[in-house]
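See structure below.
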Amino acid sequence: MLDKERMPVSDNDTPSPQTPPLSAASPLPSLFFHLPPYGEHLEARGWALDSVGRSLSVVGNAVFTGTAVIRLARIDAGCEPDEGECMGRTHGLRPSSFFSLYNVVVGLASSALLPLLGAVVDHTHHRLSIGRISAVAYCAALFPMIFLSRSTWFTVAMLLIVNAFIGWIHTGMAFAYLPEMSNDRKVLERLNTSFASVQFGASVFFIAIVVAISAAFGWMDDSLATARLSQSINFTTTAAVWGYSWFSLFQPRQAMSEVPEGSSILTVGFRKVYHTSIHIFNNHRPLAWFYTAL
């Protein structure tokens, strides 16, 4: 049986102290989400649904849309889509450099943001609000990608960067709920196993659906049409499951602790990272070198 007790919430939010069972009038009736290990735990069900949206977005953005963007960038640079290395440039970059830039920008921005996200989770009651805002913003950025074309590919490429950044914020808020779903280690293990299965299954099913529809309509060699199809499915599904999860299933949380004296919400996370780094360097030197090498 899952631990259904809630943490205290803010004065503005007064949910029931226990997780109520999903009603028969649920907007998402599904036998699967009534079965163990979720039972009557709404947030576990919400986390599983949220993971579906995250899985589809990763596959849709990286596999289908990313491939189409690179092909269109090659065309814009004056190269054939399927030839060897393209030496031409578009927007000051070679087509092959776009995803290198993507990885650098998203990696640096996300790393710089993580301490602030941790501070928000630990010291404010805004976790649910940020999860909702990030879900809406992410889906809003997904929608224009449906209209990928030779004239919009660069805009879509920039939206991929924006979406990856927003996605890290959203993922951080979702993962903050995970360890609070139960005090029982075995229950958490069952939940994590189930969530991993849901994510993998959603990815495989999504790819299969996109490939099947593309084959049926003769789009297997048309990366642009396949990207549009994948983003149409991605946007519709992600908007539905994230909307239901974050506006019906996840519950508010109060701050777990006060901001320490002498710090602010903007600096407390970075102070913790600094003090932890000093502790590791002074007391666990091999681990410090390991992190440095990474």
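Chain labels follow the order of the structure tokens: the first chain is A, the next B, and so on; residue numbering restarts at 1 in every chain, and ligands are counted from 1 in their shown order.
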(request) Find the residues around Phe250 in chain A up to 8 Å (only C-alpha atoms counted), leave out those fewer than 2 positions away in its own chain, and share them as a PyMOL selection string. (result) chain A and resi 42-43+46+128+245-248+252
Just N, CA and C atoms for this one: save the residues we selected as a short mmCIF file (atom, residue, chain, number, x, y, z; two decimals), in the first residue's frame.
```cif
data_model
loop_
_atom_site.label_atom_id
_atom_site.label_comp_id
_atom_site.auth_asym_id
_atom_site.auth_seq_id
_atom_site.Cartn_x
_atom_site.Cartn_y
_atom_site.Cartn_z
N LEU A 42 -2.62 9.30 -6.72
CA LEU A 42 -2.78 10.15 -7.90
C LEU A 42 -1.45 10.67 -8.42
N GLU A 43 -0.54 11.02 -7.53
CA GLU A 43 0.71 11.59 -7.99
C GLU A 43 1.59 10.57 -8.70
N GLY A 46 0.17 10.52 -12.00
CA GLY A 46 0.58 11.73 -12.70
C GLY A 46 2.02 11.66 -13.18
N LEU A 128 4.67 23.24 -7.73
CA LEU A 128 3.56 22.90 -8.61
C LEU A 128 3.34 23.99 -9.65
N SER A 245 -1.92 15.67 -15.83
CA SER A 245 -1.04 15.39 -14.69
C SER A 245 -0.88 16.60 -13.78
N TRP A 246 -0.54 17.74 -14.37
CA TRP A 246 -0.15 18.90 -13.56
C TRP A 246 -1.32 19.72 -13.08
N PHE A 247 -2.48 19.58 -13.73
CA PHE A 247 -3.63 20.36 -13.28
C PHE A 247 -4.67 19.52 -12.55
N SER A 248 -4.47 18.18 -12.49
CA SER A 248 -5.44 17.33 -11.81
C SER A 248 -4.82 16.36 -10.81
N PRO A 252 0.10 20.57 -4.43
CA PRO A 252 1.07 21.59 -3.98
C PRO A 252 1.96 21.08 -2.85
#
```
How close does each residue of range 158-180 of chain A get to range 130-139 of chain A, giving the shortest atom pair and distance in Å to one decimal for every residue with an atom at most 9 Å away, counting only C-alpha atoms, sorted by chain and residue number, as JSON lines?
```
{"residue": "A:Val162", "atom": "CA", "partner": "A:Tyr138", "partner_atom": "CA", "distance": 8.5}
{"residue": "A:Asn163", "atom": "CA", "partner": "A:Tyr138", "partner_atom": "CA", "distance": 5.8}
{"residue": "A:Ala164", "atom": "CA", "partner": "A:Tyr138", "partner_atom": "CA", "distance": 8.7}
{"residue": "A:Ile166", "atom": "CA", "partner": "A:Ser134", "partner_atom": "CA", "distance": 6.1}
{"residue": "A:Gly167", "atom": "CA", "partner": "A:Tyr138", "partner_atom": "CA", "distance": 6.8}
{"residue": "A:Ile169", "atom": "CA", "partner": "A:Ser134", "partner_atom": "CA", "distance": 6.8}
{"residue": "A:His170", "atom": "CA", "partner": "A:Ser134", "partner_atom": "CA", "distance": 5.4}
{"residue": "A:Thr171", "atom": "CA", "partner": "A:Gly131", "partner_atom": "CA", "distance": 8.4}
{"residue": "A:Gly172", "atom": "CA", "partner": "A:Gly131", "partner_atom": "CA", "distance": 8.6}
{"residue": "A:Met173", "atom": "CA", "partner": "A:Gly131", "partner_atom": "CA", "distance": 5.6}
{"residue": "A:Ala174", "atom": "CA", "partner": "A:Gly131", "partner_atom": "CA", "distance": 7.1}
```
(request) List every residue of range 21-253 of chain A that DSSP, applied to the backbone of this structure, places in helix (DSSP H, G or I), and write the result as a ChimeraX atom specification. (result) /A:32-34,42-76,95-123,127-147,153-180,185-216,223-249
(message) When you count only C-alpha atoms, which of these residues is closest to Arg71 in chain A: A:Ser149, A:Asn192, A:Ser257, A:Ser277?
(response)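 For Arg71 in chain A, the nearest of the candidates is A:Ser149.
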(message) Between CA of Leu108 in chain A and CA of Tyr291 in chain A, what is the distance in Å, rounded to a tenth?
(response)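 Interatomic distance here is 15.8 Å.
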